[in-house]
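So this block is model-v5.cif, mmCIF, C-alpha atoms:
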```
data_input
loop_
_atom_site.label_atom_id
_atom_site.label_comp_id
_atom_site.auth_asym_id
_atom_site.auth_seq_id
_atom_site.Cartn_x
_atom_site.Cartn_y
_atom_site.Cartn_z
CA MET A 1 -49.98 -28.58 1.85
CA GLU A 2 -47.86 -30.30 4.50
CA PRO A 3 -44.25 -31.11 3.62
CA ASP A 4 -43.88 -34.85 3.31
CA ILE A 5 -40.32 -35.92 4.14
CA GLU A 6 -38.63 -39.18 5.03
CA ALA A 7 -35.24 -39.90 6.58
CA ARG A 8 -33.55 -40.57 3.24
CA GLU A 9 -34.85 -37.33 1.76
CA ALA A 10 -33.82 -35.41 4.89
CA ALA A 11 -30.29 -36.83 4.56
CA GLU A 12 -30.21 -35.74 0.89
CA HIS A 13 -31.34 -32.25 1.91
CA LEU A 14 -28.56 -32.06 4.51
CA ALA A 15 -25.94 -33.17 1.94
CA ALA A 16 -27.20 -30.55 -0.56
CA ILE A 17 -27.10 -27.85 2.14
CA ARG A 18 -23.49 -28.78 2.96
CA ARG A 19 -22.49 -28.56 -0.73
CA ILE A 20 -24.16 -25.17 -1.21
CA MET A 21 -22.64 -23.73 1.98
CA GLU A 22 -19.17 -24.86 0.87
CA SER A 23 -19.51 -23.35 -2.60
CA ALA A 24 -20.83 -20.10 -1.12
CA THR A 25 -17.73 -19.76 1.06
CA LYS A 26 -15.44 -20.48 -1.86
CA ILE A 27 -16.89 -18.18 -4.46
CA THR A 28 -16.57 -14.97 -2.48
CA ALA A 29 -12.80 -15.19 -1.94
CA LEU A 30 -11.56 -14.47 -5.48
CA PRO A 31 -10.04 -11.05 -6.19
CA GLY A 32 -10.09 -10.53 -9.99
CA LYS A 33 -8.28 -7.19 -9.74
CA ALA A 34 -5.26 -8.88 -8.10
CA ALA A 35 -4.94 -11.23 -11.10
CA LEU A 36 -5.20 -8.28 -13.52
CA THR A 37 -2.54 -6.33 -11.61
CA GLY A 38 -0.28 -9.40 -11.39
CA GLY A 39 -0.61 -9.92 -15.14
CA ALA A 40 0.26 -6.31 -15.90
CA LEU A 41 3.26 -6.48 -13.55
CA ALA A 42 4.49 -9.66 -15.24
CA LEU A 43 4.20 -8.04 -18.68
CA GLY A 44 6.18 -5.07 -17.33
CA GLY A 45 8.79 -7.48 -15.99
CA CYS A 46 9.03 -9.19 -19.39
CA ALA A 47 9.49 -5.87 -21.20
CA GLY A 48 12.16 -4.79 -18.71
CA SER A 49 13.96 -8.14 -18.94
CA TYR A 50 13.99 -8.05 -22.73
CA ALA A 51 15.43 -4.52 -22.65
CA LEU A 52 18.24 -5.77 -20.41
CA MET A 53 18.88 -9.22 -21.99
CA ARG A 54 18.01 -8.60 -25.67
CA SER A 55 16.95 -12.26 -25.78
CA LEU A 56 13.86 -14.36 -25.11
CA ASP A 57 16.03 -17.06 -23.52
CA PHE A 58 16.87 -16.70 -19.84
CA ALA A 59 20.00 -18.77 -20.53
CA ALA A 60 21.38 -15.50 -21.94
CA LEU A 61 21.62 -14.23 -18.36
CA ALA A 62 24.80 -16.27 -17.87
CA GLY A 63 26.55 -14.29 -20.62
CA LEU A 64 25.52 -10.85 -19.32
CA PRO A 65 27.74 -8.57 -17.23
CA ALA A 66 27.14 -9.11 -13.50
CA SER A 67 25.42 -5.71 -13.12
CA LYS A 68 22.86 -6.45 -15.83
CA ARG A 69 22.27 -9.95 -14.46
CA ALA A 70 21.70 -8.48 -11.01
CA ALA A 71 19.28 -5.93 -12.54
CA VAL A 72 17.18 -8.70 -14.18
CA ILE A 73 17.11 -10.69 -10.93
CA ALA A 74 16.16 -7.57 -8.94
CA LEU A 75 13.50 -6.73 -11.51
CA TRP A 76 11.79 -10.13 -11.07
CA GLY A 77 12.23 -9.96 -7.31
CA GLY A 78 10.45 -6.60 -7.38
CA VAL A 79 7.70 -7.92 -9.66
CA GLY A 80 7.14 -10.89 -7.34
CA ILE A 81 7.03 -8.75 -4.18
CA LEU A 82 4.71 -6.19 -5.77
CA ALA A 83 2.39 -8.91 -7.10
CA VAL A 84 2.14 -10.56 -3.67
CA LEU A 85 1.54 -7.18 -1.99
CA CYS A 86 -1.21 -6.30 -4.48
CA ASP A 87 -2.81 -9.72 -3.96
CA VAL A 88 -2.77 -9.32 -0.17
CA VAL A 89 -4.08 -5.71 -0.22
CA LEU A 90 -6.86 -6.46 -2.75
CA SER A 91 -7.87 -9.71 -1.03
CA VAL A 92 -8.09 -7.97 2.35
CA ARG A 93 -10.12 -5.14 0.82
CA LEU A 94 -12.49 -7.59 -0.89
CA ALA A 95 -12.92 -9.62 2.30
CA ARG A 96 -13.65 -6.49 4.38
CA ARG A 97 -16.10 -5.17 1.81
CA ASN A 98 -17.94 -8.50 1.93
CA GLY A 99 -17.92 -8.46 5.73
CA ARG A 100 -15.58 -11.45 6.09
CA SER A 101 -12.39 -11.94 8.03
CA PRO A 102 -9.43 -11.36 5.66
CA TRP A 103 -7.58 -14.23 7.35
CA SER A 104 -10.21 -16.94 7.09
CA ARG A 105 -9.52 -20.67 7.02
CA LEU A 106 -9.80 -20.51 3.22
CA GLU A 107 -7.05 -17.88 2.90
CA GLN A 108 -4.87 -19.86 5.29
CA LEU A 109 -5.28 -23.02 3.23
CA ALA A 110 -4.50 -21.08 0.04
CA LEU A 111 -1.28 -19.84 1.63
CA TYR A 112 -0.38 -23.39 2.67
CA ALA A 113 -0.92 -24.51 -0.94
CA MET A 114 1.02 -21.67 -2.59
CA GLY A 115 3.79 -21.07 -0.04
CA PRO A 116 5.76 -24.32 -0.38
CA CYS A 117 5.42 -24.32 -4.20
CA LEU A 118 6.78 -20.78 -4.55
CA GLY A 119 9.50 -21.51 -1.98
CA VAL A 120 10.66 -24.56 -3.95
CA ALA A 121 10.60 -22.55 -7.22
CA LEU A 122 12.77 -19.85 -5.62
CA ALA A 123 15.23 -22.38 -4.17
CA LEU A 124 15.55 -24.26 -7.49
CA THR A 125 16.03 -21.00 -9.41
CA LEU A 126 18.78 -19.85 -7.04
CA ALA A 127 20.49 -23.27 -7.14
CA LEU A 128 20.38 -23.43 -10.94
CA GLY A 129 21.40 -19.76 -11.19
CA ALA A 130 24.43 -20.42 -9.00
CA ARG A 131 25.48 -22.96 -11.68
CA GLY A 132 24.83 -20.42 -14.43
CA ASP A 133 21.83 -22.39 -15.73
CA TRP A 134 19.04 -19.80 -15.85
CA GLY A 135 17.27 -21.22 -18.92
CA LEU A 136 15.13 -23.66 -16.89
CA ALA A 137 13.78 -20.99 -14.51
CA PRO A 138 10.64 -20.01 -16.51
CA GLY A 139 9.43 -23.61 -16.84
CA ILE A 140 10.12 -24.32 -13.17
CA TRP A 141 8.17 -21.24 -12.04
CA MET A 142 5.25 -22.04 -14.34
CA MET A 143 5.03 -25.64 -13.13
CA LEU A 144 5.34 -24.89 -9.42
CA TYR A 145 3.08 -21.84 -9.54
CA GLY A 146 0.61 -23.97 -11.53
CA ALA A 147 0.78 -26.74 -8.92
CA GLY A 148 0.07 -24.22 -6.13
CA VAL A 149 -2.83 -22.59 -7.97
CA TRP A 150 -4.25 -25.99 -8.87
CA MET A 151 -4.14 -26.99 -5.18
CA THR A 152 -5.88 -23.71 -4.29
CA GLY A 153 -8.46 -24.61 -6.93
CA ILE A 154 -9.44 -27.66 -4.89
CA LEU A 155 -10.70 -25.20 -2.24
CA SER A 156 -12.36 -22.86 -4.70
CA VAL A 157 -14.53 -22.64 -7.78
CA ARG A 158 -13.40 -24.23 -11.06
CA ALA A 159 -11.49 -21.22 -12.46
CA PRO A 160 -8.29 -21.45 -10.35
CA GLY A 161 -8.07 -25.18 -11.03
CA VAL A 162 -8.21 -24.54 -14.79
CA LEU A 163 -5.62 -21.77 -14.49
CA GLY A 164 -3.34 -24.08 -12.48
CA LEU A 165 -3.59 -26.86 -15.06
CA ALA A 166 -2.87 -24.37 -17.88
CA PHE A 167 0.28 -23.22 -16.05
CA LEU A 168 1.34 -26.85 -15.47
CA ALA A 169 0.93 -27.64 -19.18
CA ALA A 170 2.74 -24.46 -20.24
CA GLY A 171 5.50 -25.27 -17.75
CA VAL A 172 6.06 -28.75 -19.22
CA LEU A 173 6.12 -27.27 -22.76
CA THR A 174 8.59 -24.57 -21.73
CA LEU A 175 10.82 -26.87 -19.70
CA PHE A 176 11.20 -29.52 -22.40
CA TRP A 177 10.74 -27.75 -25.73
CA LEU A 178 10.45 -23.98 -25.47
CA SER A 179 13.10 -22.90 -22.98
CA ALA A 180 14.66 -20.74 -25.71
CA PHE A 181 11.42 -18.71 -25.63
CA GLY A 182 11.12 -18.61 -21.83
CA LEU A 183 10.50 -14.87 -21.67
CA LEU A 184 7.74 -15.08 -24.27
CA MET A 185 6.14 -17.98 -22.37
CA ILE A 186 6.22 -15.95 -19.14
CA ALA A 187 4.53 -13.06 -20.96
CA LEU A 188 1.85 -15.47 -22.25
CA THR A 189 1.21 -17.23 -18.93
CA PHE A 190 2.02 -14.95 -15.98
CA GLY A 191 1.16 -11.88 -18.10
CA LEU A 192 -1.68 -12.50 -20.54
CA GLY A 193 -2.93 -15.60 -18.72
CA HIS A 194 -3.46 -13.65 -15.50
CA ILE A 195 -5.09 -10.75 -17.34
CA VAL A 196 -7.60 -13.06 -19.06
CA TYR A 197 -8.21 -14.87 -15.75
CA GLY A 198 -8.68 -11.60 -13.85
CA ALA A 199 -11.05 -10.25 -16.49
CA TYR A 200 -13.07 -13.49 -16.28
CA LEU A 201 -13.31 -13.26 -12.48
CA LEU A 202 -14.39 -9.62 -12.61
CA ARG A 203 -16.99 -10.36 -15.26
CA ARG A 204 -18.28 -13.48 -13.51
CA PHE A 205 -18.20 -12.44 -9.86
CA GLY A 206 -17.75 -8.66 -9.95
CA ASP A 207 -15.22 -6.78 -7.82
CA MET B 1 -34.83 -39.16 23.88
CA PRO B 2 -35.58 -36.09 21.64
CA LYS B 3 -39.18 -35.51 20.61
CA PRO B 4 -39.97 -37.04 17.18
CA VAL B 5 -40.35 -34.47 14.38
CA SER B 6 -43.53 -34.46 12.40
CA PRO B 7 -43.32 -33.27 8.77
CA ALA B 8 -45.89 -30.60 9.62
CA GLU B 9 -43.33 -28.91 11.90
CA LEU B 10 -40.94 -28.17 9.03
CA ASP B 11 -40.77 -24.53 7.99
CA LYS B 12 -42.55 -24.46 4.61
CA VAL B 13 -40.82 -21.24 3.55
CA ILE B 14 -37.34 -22.77 3.90
CA HIS B 15 -38.28 -26.31 2.88
CA GLU B 16 -38.88 -25.34 -0.77
CA ARG B 17 -35.79 -26.48 -2.71
CA ALA B 18 -34.85 -23.16 -4.33
CA ARG B 19 -35.38 -21.15 -1.15
CA LEU B 20 -33.40 -23.72 0.84
CA ALA B 21 -30.48 -23.23 -1.59
CA ILE B 22 -30.64 -19.44 -1.06
CA VAL B 23 -30.79 -19.71 2.72
CA ALA B 24 -28.00 -22.33 2.85
CA ALA B 25 -25.70 -20.18 0.70
CA LEU B 26 -26.39 -17.05 2.77
CA ALA B 27 -25.92 -18.96 6.03
CA ALA B 28 -22.27 -19.58 5.10
CA VAL B 29 -21.36 -15.88 4.76
CA GLU B 30 -22.24 -12.43 6.11
CA ASP B 31 -23.77 -11.35 2.80
CA MET B 32 -23.52 -12.04 -0.91
CA THR B 33 -24.08 -10.07 -4.07
CA PHE B 34 -26.96 -11.16 -6.28
CA ILE B 35 -24.49 -12.56 -8.86
CA GLU B 36 -22.51 -14.53 -6.27
CA LEU B 37 -25.69 -15.96 -4.81
CA LYS B 38 -27.02 -16.87 -8.25
CA ASP B 39 -23.84 -18.86 -8.85
CA ALA B 40 -23.72 -20.50 -5.41
CA ALA B 41 -27.39 -21.53 -5.49
CA GLY B 42 -27.32 -22.47 -9.19
CA MET B 43 -30.38 -20.38 -10.09
CA THR B 44 -31.50 -18.07 -12.87
CA ASP B 45 -31.99 -14.32 -12.35
CA GLY B 46 -35.77 -14.57 -12.42
CA ASN B 47 -35.99 -17.58 -10.13
CA LEU B 48 -33.64 -16.01 -7.60
CA SER B 49 -35.57 -12.73 -7.62
CA VAL B 50 -38.91 -14.45 -7.01
CA HIS B 51 -37.70 -16.68 -4.17
CA ALA B 52 -35.58 -13.95 -2.58
CA ARG B 53 -38.68 -11.76 -2.39
CA VAL B 54 -40.64 -14.57 -0.68
CA LEU B 55 -37.82 -14.93 1.88
CA GLU B 56 -37.68 -11.16 2.34
CA SER B 57 -41.43 -10.95 2.98
CA SER B 58 -41.09 -13.75 5.56
CA GLY B 59 -38.43 -11.69 7.32
CA TYR B 60 -35.69 -14.27 6.69
CA VAL B 61 -33.61 -12.33 4.15
CA ALA B 62 -32.59 -8.66 3.95
CA ILE B 63 -32.01 -7.19 0.51
CA ALA B 64 -29.85 -4.07 0.20
CA LYS B 65 -29.12 -2.02 -2.89
CA ARG B 66 -26.02 0.16 -3.09
CA PHE B 67 -23.63 1.65 -5.61
CA VAL B 68 -20.11 0.32 -6.03
CA GLY B 69 -18.49 3.09 -8.06
CA LEU B 70 -21.12 3.83 -10.68
CA LYS B 71 -22.58 0.32 -10.79
CA PRO B 72 -25.66 -0.63 -8.76
CA GLN B 73 -25.15 -3.72 -6.63
CA THR B 74 -27.77 -5.81 -4.85
CA SER B 75 -26.63 -7.74 -1.82
CA LEU B 76 -28.55 -10.23 0.27
CA SER B 77 -28.04 -11.44 3.80
CA LEU B 78 -29.86 -13.63 6.31
CA THR B 79 -31.64 -11.74 9.08
CA PRO B 80 -31.24 -13.00 12.68
CA SER B 81 -34.67 -14.63 12.42
CA GLY B 82 -33.61 -16.21 9.11
CA ARG B 83 -30.51 -17.67 10.76
CA ALA B 84 -32.56 -18.95 13.68
CA ALA B 85 -35.13 -20.51 11.32
CA PHE B 86 -32.34 -22.17 9.31
CA ARG B 87 -30.74 -23.60 12.48
CA ARG B 88 -34.15 -24.89 13.58
CA TYR B 89 -34.74 -26.44 10.16
CA LEU B 90 -31.31 -28.16 10.21
CA ASP B 91 -32.01 -29.50 13.68
CA GLN B 92 -35.34 -30.90 12.50
CA LEU B 93 -33.76 -32.55 9.44
CA GLU B 94 -31.10 -34.16 11.64
CA ARG B 95 -33.77 -35.48 13.97
CA ILE B 96 -35.74 -36.93 11.02
CA VAL B 97 -32.55 -38.67 9.81
CA ALA B 98 -31.93 -40.02 13.33
CA GLN B 99 -35.55 -41.22 13.61
CA GLY B 100 -35.10 -43.11 10.33
CA ARG B 101 -31.98 -44.88 11.65
CA ARG B 102 -33.67 -45.96 14.87
CA PRO B 103 -35.15 -49.51 14.78
CA ARG B 104 -38.92 -49.32 14.59
#
```
Starting from the file, lay out its structure as structure tokens.
Amino acid sequence: MEPDIEAREAAEHLAAIRRIMESATKITALPGKAALTGGALALGGCAGSYALMRSLDFAALAGLPASKRAAVIALWGGVGILAVLCDVVLSVRLARRNGRSPWSRLEQLALYAMGPCLGVALALTLALGARGDWGLAPGIWMMLYGAGVWMTGILSVRAPGVLGLAFLAAGVLTLFWLSAFGLLMIALTFGLGHIVYGAYLLRRFGD
Amino acid sequence: MPKPVSPAELDKVIHERARLAIVAALAAVEDMTFIELKDAAGMTDGNLSVHARVLESSGYVAIAKRFVGLKPQTSLSLTPSGRAAFRRYLDQLERIVAQGRRPR
């Protein structure tokens, strides 16, 4: 039978093709293992911080000896650097395995979304820390990280968007009501949240 | 002025909705795993298998099976003739749209 097609139907076909091609590009850029590793690193950071601070409240940092305070800050700096390194290495490996450029337009846009958010979080933390007010840091990081991930979610499948919104909500809760449990909230969001997210990605899209 | 496109010229293998979804998804990347493609094209396992086999027998899609660790993985990609057929099909659709906009 001959295909019977009119201009309107052809335009609909073209729009559907565009949508499918976009979603195909998005889906293949998600490294689940990076999220799992990031989550495990965050949980390690939480355990280490609790051992040093003996408190769930980052405000306790102000009352610690300078050496211990420096150790907690260095610990989180190390966790952050390691998490970013793991993300880069695993993303590059995934892209190469799938025959794509590891520095595609999608990765560039993700960096543009995350970079300013994390930069602002770092600047605010340092500014507040200089005033001895460390208690707000967890909420600030959750909100700004959540904003960055949510923006990345615009370019990707639904999962990062949901993760970003969850971080934003947890950040508001922590900032206004739960700052005394900041460390616990970090363990729940950056730790467990990433592990659940990573496990979902691996299950849904494979390695 | 470009030659008008007759519906008979459209590639019947690609024009079928499910197969068009497969080809469009694969055209955006080098290759995709079966699971990724299922998600991108919004199809069930059975449907994807059937239509992927039709595209494979037409020479438009290559299907490769490999092991990642201990797990078997099926990946699909467009062949050069599949990419050429898709480009031709897109060109024809665009010409049909343009013909529809032209005053008759």
Exercise. If we count all atoms listed in the file, what is near region 185-192 of chain A at a cut-off of 6 Å, once residues fewer than 5 positions away on the same chain are taken out, given as a PyMOL selection string?
Worked result: chain A and resi 39+42-43
For this session: Quick one: apply the PyMOL selection byres ((chain B) within 10 of (chain A)) to the file and drop the selected residues here as a ChimeraX atom specification.
Result: /B:6-12,15-17,20-42,68,73,75,90,92-101
For this session: May I have the residues within 10 Å of Ala169 (chain A) as a list in words, using all atoms listed in the file and disregarding those fewer than 3 positions away in the same chain?
Result: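 Final neighbour list, sorted by chain and number: Gly139, Met142, Met143, Gly146, Leu163, Gly164, Leu165, Ala166, Val172, Leu173, Thr174 and Leu175 of chain A.
From CA of Ile140 (chain A) back to CA of Ala83 (chain A), the distance works out to 18.3 Å.
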Problem set entry | Length of the CA of Val149 (chain A) to CA of Gly182 (chain A) vector [Å] | 20.1 Å
Residues matched by the PyMOL selection byres ((chain B and resi 55-64) around 7), written as a compact mmCIF listing (two decimals) with C-alpha atoms, in the frame of the given file:
```
# COMPACT_ATOMS: atom_id res chain seq x y z
CA HIS B 51 -37.70 -16.68 -4.17
CA ALA B 52 -35.58 -13.95 -2.58
CA ARG B 53 -38.68 -11.76 -2.39
CA VAL B 54 -40.64 -14.57 -0.68
CA LYS B 65 -29.12 -2.02 -2.89
CA ARG B 66 -26.02 0.16 -3.09
CA THR B 74 -27.77 -5.81 -4.85
CA SER B 75 -26.63 -7.74 -1.82
CA LEU B 76 -28.55 -10.23 0.27
CA SER B 77 -28.04 -11.44 3.80
CA LEU B 78 -29.86 -13.63 6.31
CA THR B 79 -31.64 -11.74 9.08
CA SER B 81 -34.67 -14.63 12.42
CA GLY B 82 -33.61 -16.21 9.11
```
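Closest approach to Leu56 (chain A) among A:Trp134, A:Ala170, A:Val196, A:Leu75: A:Trp134, based on all atoms listed in the file.
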For this session: Take the point (12.0, -23.4, -6.6) in the file's coordinates, draw a sphere of radius 12 Å around it, and report as a list in words every protein, DNA or RNA residue with an atom inside or on it, counting all atoms listed in the file.
Result: Met114, Gly115, Pro116, Cys117, Leu118, Gly119, Val120, Ala121, Leu122, Ala123, Leu124, Thr125, Leu126, Ala127, Leu128, Gly129, Leu136, Ala137, Pro138, Gly139, Ile140, Trp141, Met142, Met143, Leu144, Tyr145, Ala147 and Gly148 of chain A
Restricted to C-alpha atoms, what would the selected residues look like written as an mmCIF file, in the frame of the given file?
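Contents of result.cif, freshly written:
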```cif
data_model
loop_
_atom_site.group_PDB
_atom_site.id
_atom_site.type_symbol
_atom_site.label_atom_id
_atom_site.label_comp_id
_atom_site.auth_asym_id
_atom_site.auth_seq_id
_atom_site.Cartn_x
_atom_site.Cartn_y
_atom_site.Cartn_z
ATOM 1 C CA MET A 114 1.020 -21.670 -2.590
ATOM 2 C CA GLY A 115 3.790 -21.070 -0.040
ATOM 3 C CA PRO A 116 5.760 -24.320 -0.380
ATOM 4 C CA CYS A 117 5.420 -24.320 -4.200
ATOM 5 C CA LEU A 118 6.780 -20.780 -4.550
ATOM 6 C CA GLY A 119 9.500 -21.510 -1.980
ATOM 7 C CA VAL A 120 10.660 -24.560 -3.950
ATOM 8 C CA ALA A 121 10.600 -22.550 -7.220
ATOM 9 C CA LEU A 122 12.770 -19.850 -5.620
ATOM 10 C CA ALA A 123 15.230 -22.380 -4.170
ATOM 11 C CA LEU A 124 15.550 -24.260 -7.490
ATOM 12 C CA THR A 125 16.030 -21.000 -9.410
ATOM 13 C CA LEU A 126 18.780 -19.850 -7.040
ATOM 14 C CA ALA A 127 20.490 -23.270 -7.140
ATOM 15 C CA LEU A 128 20.380 -23.430 -10.940
ATOM 16 C CA GLY A 129 21.400 -19.760 -11.190
ATOM 17 C CA LEU A 136 15.130 -23.660 -16.890
ATOM 18 C CA ALA A 137 13.780 -20.990 -14.510
ATOM 19 C CA PRO A 138 10.640 -20.010 -16.510
ATOM 20 C CA GLY A 139 9.430 -23.610 -16.840
ATOM 21 C CA ILE A 140 10.120 -24.320 -13.170
ATOM 22 C CA TRP A 141 8.170 -21.240 -12.040
ATOM 23 C CA MET A 142 5.250 -22.040 -14.340
ATOM 24 C CA MET A 143 5.030 -25.640 -13.130
ATOM 25 C CA LEU A 144 5.340 -24.890 -9.420
ATOM 26 C CA TYR A 145 3.080 -21.840 -9.540
ATOM 27 C CA ALA A 147 0.780 -26.740 -8.920
ATOM 28 C CA GLY A 148 0.070 -24.220 -6.130
#
```
